[in-house]
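Have a look at work_32.txt below; it lists compact mmCIF, C-alpha atoms and all ligand atoms.
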# COMPACT_ATOMS: atom_id res chain seq x y z
CA MET A 115 -0.49 -2.19 -18.68
CA ILE A 116 -1.82 -1.83 -15.18
CA GLN A 117 -4.02 -4.71 -14.01
CA THR A 118 -7.22 -3.60 -12.27
CA VAL A 119 -10.13 -5.63 -10.91
CA LYS A 120 -11.98 -4.80 -14.14
CA GLY A 121 -9.06 -5.76 -16.39
CA PRO A 122 -5.99 -4.05 -17.83
CA ILE A 123 -5.82 -0.29 -18.29
CA ASN A 124 -3.22 1.98 -19.85
CA GLN A 125 -1.05 3.77 -17.30
CA LYS A 126 -1.95 7.11 -18.94
CA ILE A 127 -5.48 6.96 -17.54
CA LEU A 128 -4.49 6.04 -13.97
CA GLY A 129 -4.64 9.63 -12.65
CA ILE A 130 -4.33 10.51 -8.96
CA THR A 131 -3.78 7.23 -7.10
CA MET A 132 -3.88 6.26 -3.42
CA CYS A 133 -1.25 3.50 -3.21
CA HIS A 134 -1.95 1.69 0.07
CA GLU A 135 -5.61 1.27 1.08
CA HIS A 136 -8.17 -1.27 2.26
CA LEU A 137 -11.78 -1.40 0.99
CA ALA A 138 -12.71 -5.01 1.67
CA MET A 139 -11.18 -6.86 4.60
CA ASP A 140 -11.89 -8.36 7.99
CA LEU A 141 -9.21 -8.40 10.68
CA SER A 142 -11.63 -9.14 13.52
CA ARG A 143 -10.36 -12.77 13.64
CA ILE A 144 -7.02 -11.48 15.04
CA ARG A 145 -7.88 -8.06 16.45
CA GLY A 146 -10.88 -9.29 18.42
CA ASP A 147 -13.07 -6.27 17.61
CA ASP A 148 -15.13 -5.38 14.56
CA ASP A 149 -13.52 -1.99 13.79
CA SER A 150 -11.53 -3.62 10.97
CA ASP A 151 -14.50 -5.52 9.49
CA PHE A 152 -15.19 -3.69 6.21
CA SER A 153 -18.32 -5.57 5.17
CA CYS A 154 -20.28 -2.26 5.36
CA GLU A 155 -20.07 -1.85 1.60
CA ASP A 156 -22.57 1.01 1.23
CA THR A 157 -20.72 3.15 3.77
CA ILE A 158 -17.41 2.50 1.99
CA ILE A 159 -18.96 3.49 -1.34
CA GLU A 160 -20.06 6.80 0.20
CA GLU A 161 -16.56 7.38 1.63
CA ILE A 162 -14.97 6.65 -1.76
CA ARG A 163 -17.35 8.95 -3.62
CA ALA A 164 -16.35 11.74 -1.22
CA MET A 165 -12.65 11.01 -1.88
CA MET A 166 -13.17 11.09 -5.64
CA LYS A 167 -14.57 14.63 -5.45
CA TYR A 168 -10.95 15.62 -4.74
CA GLY A 169 -9.85 14.17 -8.08
CA VAL A 170 -8.72 10.69 -7.03
CA LYS A 171 -9.19 8.23 -9.92
CA SER A 172 -7.43 5.08 -8.75
CA LEU A 173 -6.57 3.10 -5.64
CA VAL A 174 -4.26 0.21 -4.79
CA GLU A 175 -6.08 -2.17 -2.42
CA VAL A 176 -3.41 -4.05 -0.48
CA THR A 177 -5.55 -6.51 1.49
CA THR A 178 -3.85 -9.91 1.46
CA ASN A 179 -5.25 -13.44 1.27
CA ASP A 180 -5.11 -13.74 5.08
CA MET A 181 -6.68 -10.32 5.86
CA GLY A 182 -10.17 -11.26 4.69
CA ARG A 183 -9.69 -10.08 1.11
CA ASP A 184 -12.94 -9.95 -0.92
CA VAL A 185 -12.30 -9.20 -4.58
CA LYS A 186 -16.00 -9.41 -5.47
CA GLN A 187 -16.68 -6.52 -3.10
CA LEU A 188 -13.80 -4.63 -4.74
CA PHE A 189 -15.29 -5.25 -8.17
CA ARG A 190 -18.70 -3.94 -7.02
CA ILE A 191 -17.12 -0.82 -5.46
CA SER A 192 -15.17 -0.20 -8.66
CA GLU A 193 -18.40 -0.47 -10.70
CA ALA A 194 -20.43 1.69 -8.32
CA CYS A 195 -17.86 4.50 -8.05
CA GLY A 196 -16.01 4.39 -11.38
CA LEU A 197 -12.77 3.99 -9.41
CA ASN A 198 -9.84 2.02 -10.86
CA ILE A 199 -8.89 -0.55 -8.20
CA VAL A 200 -5.70 -2.59 -8.33
CA CYS A 201 -6.07 -5.57 -5.99
CA SER A 202 -3.41 -7.68 -4.32
CA THR A 203 -2.12 -11.09 -3.58
CA GLY A 204 0.03 -11.66 -0.52
CA PHE A 205 0.27 -12.72 3.09
CA TYR A 206 0.53 -10.26 5.98
CA LEU A 207 2.22 -10.42 9.41
CA GLU A 208 3.06 -13.90 10.66
CA GLN A 209 0.29 -13.90 13.28
CA TYR A 210 -2.23 -13.71 10.39
CA HIS A 211 -0.63 -16.49 8.29
CA PRO A 212 -2.33 -19.81 7.64
CA LYS A 213 -0.30 -22.51 9.46
CA SER A 214 0.83 -24.03 6.15
CA ILE A 215 3.14 -21.08 5.37
CA ALA A 216 5.74 -21.91 8.03
CA GLU A 217 6.25 -25.33 6.39
CA SER A 218 6.26 -23.99 2.83
CA GLU A 219 9.13 -23.19 0.50
CA PRO A 220 9.24 -19.69 -1.04
CA LYS A 221 8.62 -21.33 -4.45
CA GLN A 222 5.25 -22.65 -3.24
CA ILE A 223 4.26 -19.18 -2.01
CA CYS A 224 5.42 -17.76 -5.34
CA ASP A 225 3.09 -20.20 -7.14
CA ILE A 226 0.09 -18.98 -5.10
CA PHE A 227 0.90 -15.39 -6.08
CA LEU A 228 1.43 -16.31 -9.76
CA HIS A 229 -1.99 -17.99 -9.82
CA ASP A 230 -3.68 -14.84 -8.48
CA ILE A 231 -1.80 -12.57 -10.92
CA GLN A 232 -2.07 -14.69 -14.06
CA LEU A 233 -5.30 -16.72 -13.68
CA GLY A 234 -7.52 -15.02 -11.08
CA ILE A 235 -8.31 -14.90 -7.38
CA ALA A 236 -10.49 -17.39 -5.49
CA GLY A 237 -12.24 -18.86 -8.52
CA THR A 238 -12.95 -15.48 -10.15
CA GLU A 239 -11.39 -13.92 -13.24
CA ILE A 240 -10.30 -10.93 -11.11
CA LYS A 241 -6.50 -10.79 -11.20
CA ALA A 242 -4.06 -9.21 -8.78
CA GLY A 243 -2.06 -6.27 -10.11
CA ILE A 244 0.39 -6.05 -7.21
CA ILE A 245 1.84 -8.30 -4.50
CA GLY A 246 1.24 -7.04 -0.96
CA GLU A 247 1.05 -5.92 1.63
CA VAL A 248 3.70 -8.50 2.51
CA ALA A 249 4.97 -7.70 5.95
CA SER A 250 7.58 -7.80 8.64
CA SER A 251 6.97 -7.49 12.38
CA MET A 252 8.32 -4.82 14.75
CA ASN A 253 12.15 -4.81 14.48
CA GLU A 254 12.10 -8.37 13.12
CA ILE A 255 11.44 -10.43 10.01
CA THR A 256 10.02 -13.69 11.36
CA LYS A 257 10.67 -17.04 9.68
CA GLY A 258 7.23 -17.15 8.06
CA GLU A 259 7.50 -13.52 6.93
CA GLU A 260 10.85 -14.27 5.29
CA ILE A 261 9.31 -17.15 3.33
CA VAL A 262 6.52 -14.85 2.12
CA LEU A 263 8.89 -12.01 1.18
CA LYS A 264 11.07 -14.41 -0.81
CA GLY A 265 8.00 -15.86 -2.54
CA ALA A 266 6.85 -12.33 -3.39
CA ALA A 267 10.21 -11.45 -4.90
CA LYS A 268 10.23 -14.62 -7.00
CA ALA A 269 6.74 -13.88 -8.35
CA SER A 270 7.80 -10.32 -9.19
CA VAL A 271 10.87 -11.56 -11.06
CA VAL A 272 8.61 -13.77 -13.22
CA THR A 273 5.85 -11.21 -13.87
CA ALA A 274 7.43 -7.74 -13.27
CA VAL A 275 4.49 -7.03 -10.93
CA ALA A 276 5.41 -4.65 -8.08
CA VAL A 277 5.74 -5.70 -4.43
CA THR A 278 4.32 -3.41 -1.73
CA THR A 279 5.17 -4.04 1.90
CA HIS A 280 4.24 -3.36 5.51
CA CYS A 281 7.19 -2.18 7.61
CA HIS A 282 5.83 -2.25 11.15
CA PHE A 283 6.05 1.38 12.30
CA GLY A 284 8.63 1.84 9.53
CA THR A 285 11.09 -0.70 10.93
CA MET A 286 13.12 -3.30 8.96
CA ALA A 287 13.02 -1.38 5.67
CA ILE A 288 16.68 -1.89 4.82
CA GLU A 289 16.45 -5.59 5.67
CA GLN A 290 13.32 -5.94 3.48
CA ALA A 291 15.00 -4.11 0.59
CA ARG A 292 18.10 -6.32 0.80
CA LEU A 293 16.06 -9.51 0.98
CA LEU A 294 13.90 -8.62 -2.04
CA VAL A 295 16.81 -7.37 -4.17
CA ASN A 296 18.92 -10.42 -3.26
CA GLU A 297 16.13 -12.56 -4.76
CA GLY A 298 16.62 -10.71 -8.04
CA MET A 299 13.97 -8.00 -7.80
CA ASN A 300 14.18 -4.67 -9.58
CA PRO A 301 14.33 -2.17 -6.67
CA ASP A 302 12.09 0.26 -8.57
CA LYS A 303 9.30 -2.36 -8.36
CA ILE A 304 9.45 -2.29 -4.55
CA ILE A 305 7.37 0.01 -2.33
CA LEU A 306 8.36 -0.18 1.33
CA GLY A 307 5.28 0.83 3.29
CA HIS A 308 4.67 3.00 6.37
CA LEU A 309 8.11 4.66 6.24
CA ASP A 310 6.52 8.00 7.21
CA LEU A 311 6.11 6.50 10.71
CA ALA A 312 9.87 6.06 11.12
CA ASP A 313 10.20 9.87 11.29
CA ASP A 314 13.98 9.63 10.74
CA ARG A 315 15.63 11.49 7.84
CA ASP A 316 19.01 9.69 7.95
CA TYR A 317 17.15 6.38 7.84
CA TYR A 318 15.11 7.54 4.81
CA ALA A 319 18.28 8.47 2.93
CA GLU A 320 19.87 5.11 3.77
CA VAL A 321 16.77 3.18 2.64
CA LEU A 322 16.43 5.17 -0.59
CA LYS A 323 20.07 4.51 -1.52
CA THR A 324 19.00 0.89 -2.17
CA GLY A 325 16.90 2.16 -5.11
CA VAL A 326 13.49 1.23 -3.68
CA ASN A 327 10.39 3.42 -3.38
CA ILE A 328 8.94 4.34 0.00
CA GLY A 329 5.39 4.98 1.18
CA PHE A 330 4.27 8.03 3.11
CA ASP A 331 1.09 6.06 3.37
CA THR A 332 -0.38 6.57 6.85
CA ILE A 333 -1.29 10.21 6.25
CA GLY A 334 -4.01 11.41 8.60
CA LYS A 335 -3.13 8.92 11.36
CA THR A 336 -2.06 11.78 13.59
CA SER A 337 -2.10 9.79 16.83
CA TYR A 338 1.14 8.17 15.55
CA LEU A 339 2.72 11.27 13.96
CA SER A 340 1.48 14.74 13.06
CA ASP A 341 0.86 15.46 9.38
CA GLU A 342 2.99 18.62 9.79
CA LYS A 343 5.94 16.38 10.69
CA ARG A 344 5.19 14.15 7.71
CA ALA A 345 5.07 17.20 5.44
CA ASP A 346 8.37 18.58 6.79
CA ASN A 347 10.11 15.22 6.28
CA LEU A 348 8.64 14.86 2.80
CA MET A 349 9.81 18.33 1.75
CA TRP A 350 13.29 17.45 3.06
CA LEU A 351 13.30 14.31 0.88
CA ILE A 352 12.17 16.32 -2.14
CA ASP A 353 14.96 18.80 -1.46
CA LYS A 354 17.39 15.85 -1.56
CA GLY A 355 16.05 14.85 -5.00
CA TYR A 356 13.94 11.82 -4.05
CA GLU A 357 10.63 12.99 -5.55
CA ASP A 358 10.55 10.05 -8.00
CA LYS A 359 10.70 7.47 -5.20
CA ILE A 360 7.79 8.37 -2.89
CA ILE A 361 4.08 7.53 -2.97
CA LEU A 362 1.23 8.81 -0.77
CA SER A 363 -1.78 7.15 0.88
CA GLN A 364 -3.75 6.86 4.12
CA ASP A 365 -3.94 3.11 4.90
CA ILE A 366 -7.49 3.34 6.24
CA SER A 367 -7.62 0.13 8.26
CA ARG A 368 -10.40 0.84 10.78
CA LYS A 369 -13.96 2.10 10.37
CA SER A 370 -13.24 4.63 13.13
CA TYR A 371 -11.04 6.51 10.60
CA PHE A 372 -13.97 6.96 8.17
CA SER A 373 -14.93 10.60 7.60
CA CYS A 374 -18.55 9.84 8.53
CA LYS A 375 -17.39 9.17 12.12
CA GLY A 376 -16.45 12.83 12.39
CA THR A 377 -12.90 12.67 13.84
CA HIS A 378 -10.73 11.85 10.77
CA SER A 379 -10.85 12.68 7.06
CA GLY A 380 -10.61 8.98 6.10
CA TYR A 381 -9.77 8.34 2.46
CA MET A 382 -9.75 12.13 1.84
CA SER A 383 -6.83 12.86 4.18
CA VAL A 384 -4.16 13.10 1.47
CA MET A 385 -6.07 15.41 -0.86
CA LYS A 386 -8.09 17.43 1.64
CA ASP A 387 -5.59 17.90 4.51
CA PHE A 388 -2.07 16.91 3.40
CA VAL A 389 -1.73 18.41 -0.07
CA PRO A 390 -2.49 21.91 1.35
CA LEU A 391 0.35 21.40 3.87
CA LEU A 392 2.71 20.63 0.98
CA LEU A 393 1.48 23.62 -1.03
CA ASN A 394 2.05 25.86 2.02
CA ARG A 395 5.61 24.57 2.11
CA GLY A 396 6.11 25.54 -1.55
CA ILE A 397 5.91 22.21 -3.38
CA ASN A 398 5.53 22.75 -7.12
CA GLN A 399 2.78 21.13 -9.18
CA GLU A 400 5.16 19.02 -11.25
CA ILE A 401 6.57 17.32 -8.15
CA LEU A 402 3.11 16.92 -6.62
CA ASN A 403 2.00 15.18 -9.83
CA LYS A 404 4.91 12.77 -9.46
CA LEU A 405 3.89 11.82 -5.91
CA LEU A 406 0.21 11.44 -6.76
CA GLN A 407 0.23 10.10 -10.34
CA ASN A 408 3.48 9.50 -12.19
CA ASN A 409 5.25 7.43 -9.54
CA PRO A 410 2.27 5.09 -8.99
CA ALA A 411 1.81 4.69 -12.77
CA ARG A 412 5.47 3.83 -13.32
CA ILE A 413 5.64 1.34 -10.44
CA LEU A 414 2.31 -0.40 -11.20
CA ASN A 415 2.94 -0.71 -14.95
CA PHE A 416 4.14 -4.12 -16.14
ZN ZN B 501 0.26 -2.11 6.71
Could you express the structure from this file as structure tokens?
Ligand SMILES: [Zn+2]
Amino acid sequence: MIQTVKGPINQKILGITMCHEHLAMDLSRIRGDDDSDFSCEDTIIEEIRAMMKYGVKSLVEVTTNDMGRDVKQLFRISEACGLNIVCSTGFYLEQYHPKSIAESEPKQICDIFLHDIQLGIAGTEIKAGIIGEVASSMNEITKGEEIVLKGAAKASVVTAVAVTTHCHFGTMAIEQARLLVNEGMNPDKIILGHLDLADDRDYYAEVLKTGVNIGFDTIGKTSYLSDEKRADNLMWLIDKGYEDKIILSQDISRKSYFSCKGTHSGYMSVMKDFVPLLLNRGINQEILNKLLQNNPARILNF
């Protein structure tokens, strides 16, 4: 099954899935501006309805416990839009962590994640269907981040729930993979996030040799990297036979990316802007289906 905010569903009905998104969060506590405060629920519902016109049926919402996660808002969005939402349990970059994490053992962090997966989040019956986005900082896994990553791996070993991560600008992917696999994790249950931003083909090949999946999940964020470059790199990976190990998403993390603001395509970027770039480069439908549907279904199923 795949565990959504509305309960378990069969993987066959998952359909096109965005694997790394935020629909209910508030990072203003750390970022000091309100661009990452997603309490504007009605606007988000409009943005999601526009995305669904492109055939998207499901979304993995990777907001962690310390990013202002709000599973009740996710439940309401799921109801309003008819979107399958898989929600998360996790802790993000160290600067977001509650102070208690630095003094915790990985086992204690694992127990927090198990509670959210098996019993429900924050007093609700809404259960997490993935662990993430657990994170590492730029070119470094801090002490607190290592505790969280180990706790995530332990909870995945118990439940077979996938772990999805934040690699800051694509860095530390090999180190994350090693750490998670050393704790006993099945590498096919790991998604290393934001690897598109690394923009380095040799690095991709080295990371994928560990057996993990990688996210091309900041599509549309063209101030970091052009989507043409992302598409070229993705086609190179497909040519090397890695089409079973890649997922796509946008990681909309600021309201300024919303399509209603007029400068980005928001949650539509993959389907509206990026898929045509892949089709222009000759991707076949079977491989496209793997990136958009089959790979997410396989990884999320437990
Ligand atoms: Zn991230």
Can you pull out every residue within 10 Å of Thr177 (chain A), counting only C-alpha atoms, but drop anything in the same chain fewer than 3 positions away, and send it as a VMD selection string?
chain A and resid 134 to 140 174 180 to 185 201 to 206 245 to 248 367
Kindly provide, as a PDB file with C-alpha atoms, in the coordinates of the input, all nucleotide and amino acid residues lying within 8 Å of ligand ZN 501 (chain B), counting only C-alpha atoms and all ligand atoms.
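Below is the file result38.pdb, written as the result:
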ATOM      1  CA  HIS A 134      -1.950   1.690   0.070  1.00  0.00           C
ATOM      2  CA  GLU A 247       1.050  -5.920   1.630  1.00  0.00           C
ATOM      3  CA  ALA A 249       4.970  -7.700   5.950  1.00  0.00           C
ATOM      4  CA  THR A 279       5.170  -4.040   1.900  1.00  0.00           C
ATOM      5  CA  HIS A 280       4.240  -3.360   5.510  1.00  0.00           C
ATOM      6  CA  CYS A 281       7.190  -2.180   7.610  1.00  0.00           C
ATOM      7  CA  HIS A 282       5.830  -2.250  11.150  1.00  0.00           C
ATOM      8  CA  GLY A 307       5.280   0.830   3.290  1.00  0.00           C
ATOM      9  CA  HIS A 308       4.670   3.000   6.370  1.00  0.00           C
ATOM     10  CA  ASP A 365      -3.940   3.110   4.900  1.00  0.00           C
TER      11      ASP A 365
END
Using only the atoms of region 367-380 of chain A listed in the file, plus 4 Å on each side, state the axis-aligned box centre and edge lengths in Å rounded to one decimal, as lines of an AutoDock Vina configuration file.
center_x = -13.1
center_y = 6.5
center_z = 10.0
size_x = 18.9
size_y = 20.7
size_z = 15.7
Nearest-residue call for Ser192 (chain A), choices A:Gly237, A:Pro220, A:Gly146, A:Gly121, using all atoms listed in the file
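Ranking A:Gly237, A:Pro220, A:Gly146, A:Gly121 by distance to Ser192 (chain A), first place goes to A:Gly121.
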From A:Lys268, A:Arg315, A:Lys359, A:His229, residue lying nearest Gly298 (chain A) [only C-alpha atoms]:
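That would be A:Lys268, the residue with the smallest distance to Gly298 (chain A).
Note that CA of Gln399 (chain A) and CA of Lys343 (chain A) are 20.7 Å apart.
Residue nearest Ser153 (chain A), chosen from A:Leu188, A:Ala287, A:Met165, A:Met115 and counting all atoms listed in the file: A:Leu188.
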Compare A:Arg292, A:Arg163, A:Lys369, A:Lys120 by their minimum atom-to-atom distance to Glu260 (chain A), counting all atoms listed in the file, and give me the closest one.
A:Arg292
Just how far from CA of Val389 (chain A) is CA of Tyr317 (chain A), in Å to one decimal?
23.7 Å
Give me the residues within 10 Å of Met286 (chain A) as number ranges by chain, counting all atoms listed in the file and dropping any in the same chain fewer than 3 places off.
A: 249-255, 280-283, 289-291, 306, 309, 321
Counting only C-alpha atoms, figure out which residue out of A:Ser150, A:Asn394, A:Thr285, A:Asn327 gets nearest to Ile366 (chain A).
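Looking at the shortest contact to Ile366 (chain A), the residue is A:Ser150.
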Which neighbours of region 241-243 of chain A fall inside 8 Å, counting all atoms listed in the file, when residues of the same chain fewer than 4 positions from it are skipped, and could you give them as a list in words?
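Here the answer would be Ile116, Gln117, Thr118, Val119, Gly121, Val200, Cys201, Ser202, Thr203, Asp230, Ile231, Gln232, Leu233, Gly234, Ile235, Val275, Ala276 and Leu414 of chain A.
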Taking all atoms listed in the file into account, which of A:Ala216, A:Ile223, A:Ile127, A:Ala164 comes nearest Asn179 (chain A)?
A:Ile223
